[in-house]
Structure formats: structure tokens, C-alpha cells
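Colleague: Attaching a single structure in C-alpha cells format; questions to follow.
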Amino acid sequence: MKKIVFILFYLSVVVSVAAQQSKVQRLPFIDQRRFHFGFSVGTHIQDLALRHTGAVTEDGETWFAEVPSFSPGFNVGLVGDLYLCNYFDLRFTPTLFFGDKTVELREENSDTRQKVNLKSTYIMMSVDLKYRAKRLNNYCPYLLLGVAPTIDISKKKNDLLRLDTYDTYLEVGVGCDVYLSFFKLIPELKFCIGLSDVLRHDRNDLVDPLDIKYSQAIKKALSRLVVLSFYFE
């Protein structure tokens, strides 16, 4: 009986594997096109990696800052894909990001707190190298590595903290091409790491000059994004 069960199990595995291998592929030649285009929608969260100076003001105050929570934003973009070879594509994905982040400033001794809401509207011009694994029927996972020059076009005046307009991100991501009947649906998770200090330290625009203590408390602010996108190609 055990031998019969083992044989039946073995045959079922062989049949299922054979069926999987013989499954009809949708859009079999879409990846071999020299160029193809699409669009994306998704969500993201914004963060700041903050380093502090430990500066003490004339009143004996020492301030620290953190981003205590995250709120999801919205992003929409376009994609242009250049086929290089069977495993590599070069992708250009200009994307518009709408979102914000809240920085909480805390005084060490009195525990006095200030909150600053920093709204950002980014135009991110991502250029990525996409490494695709071998396609398995109608699925193809991939890895992504690239850079993204970015412009923040939001208006900012007299905030306690102010961020620079320009930044450049290093991007690392994973995703999977899902081949449907008429197009590819591609879920992608991407991590974006800012490479430059985005905090504006020179604050001649402040209404109250004493508010400079908040900027002086932060030595460096590096931007971070986690982006979940759905591409339609």
C-alpha cells in the first residue's frame, strides 16, 4: 500500500510539473520589443534620517528631532523601457509624488515639543537598470538598481524647518512582471535613499530669528522613501 501511495504521489507531482511547464505563455514576445511604454500608480511613505549637533542655546536648551509616524502619499508616473538583452532592460520612469512628513522637535530638559508638517511634491526622474530572471510561464521576478535626480516643487515659506529643492536618490527595488492577456501588470517595491543633506541651514527667511535654534539642532537630514508602485505596460 505504501508503495502504491508513493507511486501515485510521484505521478501526481510529475503530471503537475508537466502541466506547469506546458502552460501557454501570454504575450510571449513583449519583452523582446526594443522600446515599450506604460504608466504607473502607487503609494509611498516619506522619512528623514536625522543627525543632531547637540547644540545648546543661550537659554540652555538642547533640541532633538525625529519623524514619529508615517502617512501614505500618492504617486503617478510614466515608464519608458529599453530592451538591452534577454536579462537586462534600461528604464526611465518620471514620477510625480504627493506626500508629507511630520517632524517632531523635542527639548531635552523641559520636554517641550514642536511639530512641523513638511509637505512635498516631488518630480523624480528615475533611471534604473532592471535585471530579469528567466520567465516562468506568466511570471518573471526582477531586481532594480538606479539613480533618481529629484526636484521638490512645493512652496515653502517660514517653516521652522525647510528642505532644499534638489536631491538625488539611490534606488534599490524588487518586482515581478505578471503577463496578462493584453498587457503586463507589474507590482514593484522600491527603496529610495537620499544622497545629500536636504536641510536648509541658512534661514534668513524666518520671521522670528530665535527659531533658528531648530535648524541648528540638526546636523544633517537625509531623505528616505519607500515606494509601492503598480505598472501597466
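Starting from 1 in every chain, residues are counted up; chains themselves are A, B, ... following the order of the C-alpha cells, and ligands are numbered from 1 as listed.
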Which residues are close to Gln46 (chain A), i.e. within 9 Å by only C-alpha atoms, leaving aside same-chain residues fewer than 4 positions away? Reply as a ChimeraX atom specification.
Modeller: /A:70-73,99-101,223-227
Colleague: Tell me, as a CSV table (one decimal) with N, CA and C atoms, in the first residue's frame, which residues lie within 6 Å of Phe232 (chain A), counting only C-alpha atoms; anything in the same chain fewer than 4 positions away does not count.
Modeller:
chain,number,residue,atom,x,y,z
A,38,GLY,N,4.5,52.7,-20.7
A,38,GLY,CA,3.4,52.4,-19.9
A,38,GLY,C,3.2,53.5,-18.9
A,39,PHE,N,2.5,53.2,-17.8
A,39,PHE,CA,2.3,54.2,-16.8
A,39,PHE,C,2.2,53.5,-15.4
A,184,LYS,N,1.1,43.9,-19.4
A,184,LYS,CA,1.8,43.4,-18.2
A,184,LYS,C,1.4,44.2,-17.0
A,185,LEU,N,1.1,43.6,-15.9
A,185,LEU,CA,0.9,44.2,-14.6
A,185,LEU,C,2.1,43.9,-13.8
Colleague: I want to know what sits within 12 Å of Phe35 (chain A), based on only C-alpha atoms, with residues of the same chain fewer than 4 positions away left out; could you give that as a PyMOL selection string?
Modeller: chain A and resi 30-31+79-84+89-92+233
Colleague: Store the residues picked out above, limited to all heavy atoms, as a compact mmCIF listing (two decimals), in the first residue's frame.
Modeller:
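Wrote part35.txt, looks like this:
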# COMPACT_ATOMS: atom_id res chain seq x y z
N ILE A 30 6.63 40.10 -25.87
CA ILE A 30 6.55 41.51 -25.45
C ILE A 30 7.88 42.03 -24.91
O ILE A 30 8.22 43.19 -25.09
CB ILE A 30 5.43 41.68 -24.40
CG1 ILE A 30 5.21 43.17 -24.13
CG2 ILE A 30 5.74 40.93 -23.11
CD1 ILE A 30 4.01 43.45 -23.26
N ASP A 31 8.66 41.17 -24.28
CA ASP A 31 9.92 41.61 -23.70
C ASP A 31 11.02 41.81 -24.73
O ASP A 31 12.06 42.39 -24.42
CB ASP A 31 10.40 40.60 -22.64
CG ASP A 31 9.50 40.60 -21.41
OD1 ASP A 31 8.99 41.67 -21.05
OD2 ASP A 31 9.31 39.52 -20.82
N VAL A 79 6.50 55.32 -17.77
CA VAL A 79 7.67 54.45 -17.88
C VAL A 79 8.02 54.26 -19.34
O VAL A 79 7.15 54.07 -20.20
CB VAL A 79 7.41 53.08 -17.20
CG1 VAL A 79 6.16 52.41 -17.76
CG2 VAL A 79 8.60 52.15 -17.35
N GLY A 80 9.32 54.37 -19.63
CA GLY A 80 9.86 54.02 -20.93
C GLY A 80 10.92 52.95 -20.74
O GLY A 80 11.84 53.12 -19.94
N ASP A 81 10.80 51.84 -21.45
CA ASP A 81 11.67 50.68 -21.24
C ASP A 81 12.46 50.40 -22.51
O ASP A 81 11.88 50.26 -23.60
CB ASP A 81 10.84 49.47 -20.84
CG ASP A 81 11.68 48.30 -20.39
OD1 ASP A 81 12.32 47.64 -21.25
OD2 ASP A 81 11.71 48.03 -19.18
N LEU A 82 13.80 50.31 -22.37
CA LEU A 82 14.69 50.00 -23.48
C LEU A 82 15.24 48.59 -23.29
O LEU A 82 15.91 48.30 -22.29
CB LEU A 82 15.84 51.01 -23.55
CG LEU A 82 16.97 50.70 -24.54
CD1 LEU A 82 16.45 50.69 -25.97
CD2 LEU A 82 18.11 51.70 -24.38
N TYR A 83 14.96 47.70 -24.23
CA TYR A 83 15.44 46.32 -24.18
C TYR A 83 16.92 46.28 -24.52
O TYR A 83 17.35 46.77 -25.57
CB TYR A 83 14.64 45.47 -25.17
CG TYR A 83 15.14 44.05 -25.33
CD1 TYR A 83 14.85 43.08 -24.39
CD2 TYR A 83 15.90 43.70 -26.44
CE1 TYR A 83 15.29 41.78 -24.54
CE2 TYR A 83 16.35 42.40 -26.62
CZ TYR A 83 16.05 41.44 -25.66
OH TYR A 83 16.50 40.15 -25.82
N LEU A 84 17.74 45.70 -23.62
CA LEU A 84 19.18 45.58 -23.86
C LEU A 84 19.57 44.16 -24.27
O LEU A 84 20.32 43.98 -25.22
CB LEU A 84 19.95 45.98 -22.58
CG LEU A 84 19.73 47.41 -22.08
CD1 LEU A 84 20.53 47.64 -20.80
CD2 LEU A 84 20.14 48.43 -23.15
N ASP A 89 17.13 45.35 -18.90
CA ASP A 89 16.42 46.47 -19.51
C ASP A 89 16.90 47.76 -18.85
O ASP A 89 17.31 47.76 -17.68
CB ASP A 89 14.91 46.36 -19.30
CG ASP A 89 14.30 45.22 -20.09
OD1 ASP A 89 14.98 44.68 -20.97
OD2 ASP A 89 13.14 44.87 -19.79
N LEU A 90 16.84 48.85 -19.58
CA LEU A 90 17.11 50.18 -19.04
C LEU A 90 15.80 50.93 -19.00
O LEU A 90 15.12 51.07 -20.01
CB LEU A 90 18.14 50.92 -19.89
CG LEU A 90 18.63 52.26 -19.35
CD1 LEU A 90 19.41 52.05 -18.05
CD2 LEU A 90 19.51 52.97 -20.38
N ARG A 91 15.45 51.44 -17.82
CA ARG A 91 14.13 52.03 -17.63
C ARG A 91 14.25 53.50 -17.22
O ARG A 91 15.10 53.86 -16.40
CB ARG A 91 13.35 51.27 -16.55
CG ARG A 91 12.98 49.88 -16.97
CD ARG A 91 12.54 49.03 -15.80
NE ARG A 91 11.29 49.48 -15.20
CZ ARG A 91 10.10 49.16 -15.66
NH1 ARG A 91 9.98 48.42 -16.74
NH2 ARG A 91 9.01 49.59 -15.06
N PHE A 92 13.38 54.32 -17.80
CA PHE A 92 13.26 55.73 -17.43
C PHE A 92 11.83 55.94 -16.93
O PHE A 92 10.87 55.73 -17.67
CB PHE A 92 13.56 56.62 -18.63
CG PHE A 92 13.37 58.08 -18.35
CD1 PHE A 92 14.06 58.71 -17.32
CD2 PHE A 92 12.50 58.83 -19.12
CE1 PHE A 92 13.89 60.05 -17.06
CE2 PHE A 92 12.31 60.20 -18.88
CZ PHE A 92 13.02 60.80 -17.84
N GLU A 233 2.07 48.03 -18.52
CA GLU A 233 2.90 48.16 -19.73
C GLU A 233 2.34 47.27 -20.84
O GLU A 233 1.88 46.17 -20.60
CB GLU A 233 4.35 47.75 -19.43
CG GLU A 233 5.02 48.63 -18.38
CD GLU A 233 6.45 48.22 -18.12
OE1 GLU A 233 7.02 47.46 -18.95
OE2 GLU A 233 7.00 48.62 -17.08
Colleague: Quick one: of A:Asp167, A:Glu188, A:Glu107, A:Asp197, who's nearest to Thr43 (chain A), counting only C-alpha atoms?
Modeller: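 For Thr43 (chain A), the nearest of the candidates is A:Glu188.
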Colleague: Which value, in Å to one decimal, gives the distance between CA of Leu50 (chain A) and CA of Lys213 (chain A)?
Modeller: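 CA of Leu50 (chain A) sits 15.2 Å away from CA of Lys213 (chain A).
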Colleague: Take CA of Val147 (chain A) and CA of Glu104 (chain A) and report the distance between them in Å, one decimal.
Modeller: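 Going from CA of Val147 (chain A) over to CA of Glu104 (chain A) covers 29.4 Å.
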Colleague: Do a neighbour search on region 93-97 of chain A at 10 Å with only C-alpha atoms, toss out local chain neighbours closer than 4 positions, and write the hits as a count of residues only.
Modeller: 34
Colleague: Between CA of Ser110 (chain A) and CA of Trp63 (chain A), what is the distance in Å, rounded to a tenth?
Modeller: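 Computing it gives 10.1 Å between the two atoms.
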Colleague: Check region 50-215 of chain A with DSSP on the backbone and list each residue it calls alpha helix (DSSP H), as JSON, numbers by chain.
Modeller: {"A": [212, 213, 214, 215]}
